[in-house]
Each structure stands twice: as C-alpha cells, then as structure tokens.
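See below for the structure under consideration.
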Amino acid sequence: MESVARSQTSAPRQVVRTVLHEALESKLGGEVVVRSTSVSGRIFVVARKVAWAVLNGPGALNFSSVLIRERVVSREDVEQVVAECRQSGGNFCETLVTWGLVPRDTMRDLLRRHMSEQLEALLSLTDAQAMFVPQPRTYSSQLTYGLDELISTDPKPPTHPLVESDVMANVKQSLEETLKIEGAFAACLADSKSGMCLGSVGGSPAFNIETAAAANTEVVRAKMKAMSLLGIKDRIEDILITLGEQYHLIRPLSGKEGLFLYVALHRASANLAMARYKLSEVEKSLQV
C-alpha cells in the first residue's frame with residue numbers, strides 16, 4: 001500500500017505541480033489536496049489521468065453553475081440530474097450526456113476548459129501546501145484527461161503573470177497611487193476568472209477589499225455576458241456601484257482580459273469624476 005505522500009521541500013510555486021505529477025505516476029491514483037491562505041482545492045486522479053479538479057475560495061464557481069450561467073442547461077435540469085445522481089450514485093456529467101441534455105463532445109470540451117481553469121489557478125498559488133493521498137477508486141465516467149490536455153507540460157512551472165518581483169513591485173506602486181485618490185480607502189487588482197485578488201492596499205476589519213473584489217467578479221462577468229448577448233462590441237471603461245456612504249469603482253484593464261482594478265471610496269469626500277480620471281491614469285502605468 002502506498003503511503004500518504006507530502007511535498008513541502010519544493011519551491012513554493014512548484015509544490016502543487018510536483019505532487020500532481022507524483023499522483024499521476026501512482027498506480028493506485030487518488031487525491032491531491034491543496035491548501036493556501038486564501039483558497040483550497042482537490043484534484044482527483046484515476047488511471048493516471050485527471051478525473052476532476054475543483055478550486056474552493058472566493059469567487060470560485062462549481063461546474064453546474066458554469067453550465068447554468070452559459071445556458072447549456074437549465075437550473076431545473078441540473079437539479080433533476082443531481083437528484084438522480086444522489087439516488088443512483090451516477091456521474092453528474094455522464095448523466096447529462098445520457099439524458100441527451102449535452103452532447104458528449106460538447107461536454108468533454110466544456111469540462112476540459114473548466115478543469116483547465118481550476119488547475120491553472122491551483123498551480124499559480126505561491127503559498128500552497130499540497131498532499132497526495134493514494135486511494136484506489138472506481139470512476140463511472142470516461143471523461144478523464146491527460147495532463148497535457150489541461151495545462152502546459154513545459155518543465156518550467158507555469159506562473160501567473162503577476163508573480164515576477166518587478167511586476168509585483170509595479171502593481172504595489174500602482175495600488176498605492178490608487179489609494180491617493182481623494183476619498184479612496186481600499187483598492188486592489190483582481191482576476192474575474194479565478195476570483196483571486198492579485199494585490200491589495202487599504203481596507204479595515206469592517207471592510208475586506210479582497211473579499212469585496214472576489215464577490216464583485218460576478219458583477220464583471222455578468223456585464224461582459226450582457227454585452228455579448230446584446231452584440232455590443234465595445235470595451236467597458238468602468239462600472240460604478242453607488243451605496244449610501246460609499247462608491248465602488250471597477251475598471252477592467254484594457255488588453256488584459258479578466259483583470260480589473262477595484263477601488264472603494266468614501267462618498268462624502270470623493271469626487272467621482274476625478275476618481276474615474278485618476279483610476280484611468282493608474283491603469284496606464286500598470287504593467288501586467
């Protein structure tokens with residue numbers, strides 16, 4: 001019986017990849033458990049292929065929510081399939097295919113893209129710990145993937161474009177400039193695809209800017225989808241959320257799909273027109 005394997009000696013950015021390769025080499029297969037200060041995740045390996053990958057944390061979406069959001073299936077269909085799977089022990093994705101709700105080729109592509117996003121997010125963590133738990137398991141689906149179908153197999157571990165120290169220094173400087181905007185009390189740079197905050201300044205115990213940014217990724221996604229449905233071929237300069245005592249200003253980065261600047265301002269002391277102008281200037285100096 002293979003023992004539980006731990007990997008904590010690799011460089012921080014290589015831990016998850018190292019342990020995942022170990023799992024894929026195991027005859028038994030099993031589960032890779034990933035934890036960091038902000039998120040956690042699990043990667044299931046069957047017959048030396050990836051059967052499932054899930055990221056748990058602020059802004060993370062499960063696969064059924066993605067299918068509903070993309071209008072592949074209805075919420076009612078999902079609820080019926082989930083109920084069937086609970087009763088029969090069947091596989092969620094395979095049941096969707098068997099019931100004729102999603103063609104197999106479409107399901108395979110959708111699942112591959114979703115799992116690829118989950119894996120990339122887990123592999124980009126810079127403070128992760130990972131553990132492989134060998135465990136033989138049966139899996140009632142042929143929807144499994146080789147690692148090369150999901151991520152780059154380049155020996156050099158993939159890193160998020162914001163992990164390089166000089167880029168991080170620029171991000172920090174840009175966010176500090178954002179905090180100088182009159183009325184601003186918190187700011188961050190976030191990724192709407194993963195919900196992760198890639199840098200933040202300010203905030204308070206009563207207002208966590210990272211949590212707020214993760215929650216507002218849904219706002220950004222919804223607006224992007226609305227534009228697509230309406231056939232509007234234009235870019236969003238900014239999104240304004242007006243509260244009784246605060247302004248929340250979101251500015252998607254031009255040419256950097258998914259990334260956005262987010263600043264919270266005290267409404268009583270903020271000049272909204274000037275805030276929008278200065279945030280656009282910060283974007284110009286931001287190097288990502």
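Identifiers for the structure tokens are assigned positionally: chains receive A, B, ... in sequence, residues are indexed from 1 per chain, and ligands are indexed from 1 in the order shown.
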TODO: Would you please extract all helix (DSSP H, G or I) residues from stretch 104-138 of chain A, as assigned by DSSP on the backbone, and give them as a PyMOL selection string?
DONE: chain A and resi 104-123
- [ ] Could you give me, as a PyMOL selection string, the residues within 12 Å of A:Ala213, counting only C-alpha atoms and dropping anything in the same chain fewer than 2 positions from it?
- [x] chain A and resi 58-59+186-200+203+207-211+215-220+248-251+259-264
Task: From A:Pro205, A:Pro252, A:Gly89, A:Gly41, residue lying nearest A:Ser280 [only C-alpha atoms] - done: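 Residue with the minimum atom-to-atom distance to A:Ser280: A:Pro252.
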Open item on the list: Among stretch 241-283 of chain A, which ones does DSSP assign to strand (DSSP E) (computed from the backbone)? Answer as a list in words.
Closed with: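 Filtering stretch 241-283 of chain A to strand (DSSP E) leaves Ile241, Thr242, Gln246, Tyr247, His248, Leu249, Ile250, Arg251, Pro252, Leu259, Phe260, Leu261, Tyr262, Val263, Ala264, Leu265 and His266 of chain A.
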- [ ] Tell me which protein, DNA and RNA residues are within 10 Å of A:Gly244, counting only C-alpha atoms, leaving out same-chain ones fewer than 4 positions away, and put them as a ChimeraX atom specification.
- [x] /A:266-268
Open item on the list: Residues near A:Gly57, anyone? I mean within 8 Å using only C-alpha atoms, not counting same-chain ones fewer than 3 positions away, as a PyMOL selection string.
Closed with: chain A and resi 38-40+60+195
Export C-alpha atoms of the chosen residues as a short mmCIF file (atom, residue, chain, number, x, y, z; two decimals), in the first residue's frame?
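Result saved to part.cif:
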```cif
data_model
loop_
_atom_site.label_atom_id
_atom_site.label_comp_id
_atom_site.auth_asym_id
_atom_site.auth_seq_id
_atom_site.Cartn_x
_atom_site.Cartn_y
_atom_site.Cartn_z
CA SER A 38 -6.83 32.13 0.65
CA VAL A 39 -8.14 29.07 -1.21
CA SER A 40 -8.13 25.30 -1.21
CA ALA A 60 -15.00 30.13 -7.40
CA GLY A 195 -11.84 35.46 -8.14
#
```
For stretch 102-217 of chain A versus stretch 61-70 of chain A, which residues have an atom no more than 9 Å away, and what is each residue's nearest atom pair and distance in Å rounded to one decimal, using only C-alpha atoms, chain-then-number order, as a Markdown table?
```
| residue | atom | partner | partner_atom | distance |
| --- | --- | --- | --- | --- |
| A:Leu110 | CA | A:Leu67 | CA | 8.4 |
| A:Leu111 | CA | A:Phe63 | CA | 7.7 |
| A:His114 | CA | A:Phe63 | CA | 7.0 |
| A:Met115 | CA | A:Phe63 | CA | 8.8 |
| A:Ser194 | CA | A:Leu61 | CA | 8.6 |
```
TODO: In Å, rounded to a single decimal, give me how far atom CA of A:Arg113 is from atom CA of A:Val32.
DONE: 19.5 Å
TODO: Work out how far apart atom CA of A:Leu125 and atom CA of A:Ile151 are and give it in Å to one decimal.
DONE: 14.8 Å
Task: Spatial neighbours of A:Cys93, 9 Å, only C-alpha atoms, chain gap at least 4 places, as a list in words - done: Val97, Thr98, Val102, Met107, Arg108, Leu111, Ser141 and Leu143 of chain A
Produce a file of the selected residues containing N, CA and C atoms, as a short mmCIF file (atom, residue, chain, number, x, y, z; two decimals), in the first residue's frame.
```cif
data_model
loop_
_atom_site.label_atom_id
_atom_site.label_comp_id
_atom_site.auth_asym_id
_atom_site.auth_seq_id
_atom_site.Cartn_x
_atom_site.Cartn_y
_atom_site.Cartn_z
N VAL A 97 -25.08 13.68 -20.28
CA VAL A 97 -24.90 13.16 -21.64
C VAL A 97 -25.93 12.08 -21.94
N THR A 98 -26.11 11.14 -21.00
CA THR A 98 -27.04 10.03 -21.19
C THR A 98 -28.47 10.51 -21.38
N VAL A 102 -26.73 17.28 -22.98
CA VAL A 102 -25.49 17.86 -23.51
C VAL A 102 -24.80 16.80 -24.37
N MET A 107 -19.77 18.29 -23.93
CA MET A 107 -19.48 18.10 -22.51
C MET A 107 -17.98 17.96 -22.29
N ARG A 108 -17.34 17.19 -23.14
CA ARG A 108 -15.90 16.98 -22.96
C ARG A 108 -15.14 18.30 -23.08
N LEU A 111 -16.02 20.61 -19.98
CA LEU A 111 -15.38 20.10 -18.77
C LEU A 111 -13.87 20.32 -18.82
N SER A 141 -17.07 7.19 -15.36
CA SER A 141 -17.07 8.11 -16.49
C SER A 141 -15.79 7.95 -17.30
N LEU A 143 -14.84 10.53 -19.01
CA LEU A 143 -14.45 11.93 -19.18
C LEU A 143 -13.26 12.25 -18.28
#
```
Open item on the list: From the options A:His21, A:Lys172, A:Tyr247, A:Gly255, which residue's atoms come nearest to A:Leu272, counting only C-alpha atoms?
Closed with: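 Nearest to A:Leu272: A:Tyr247.
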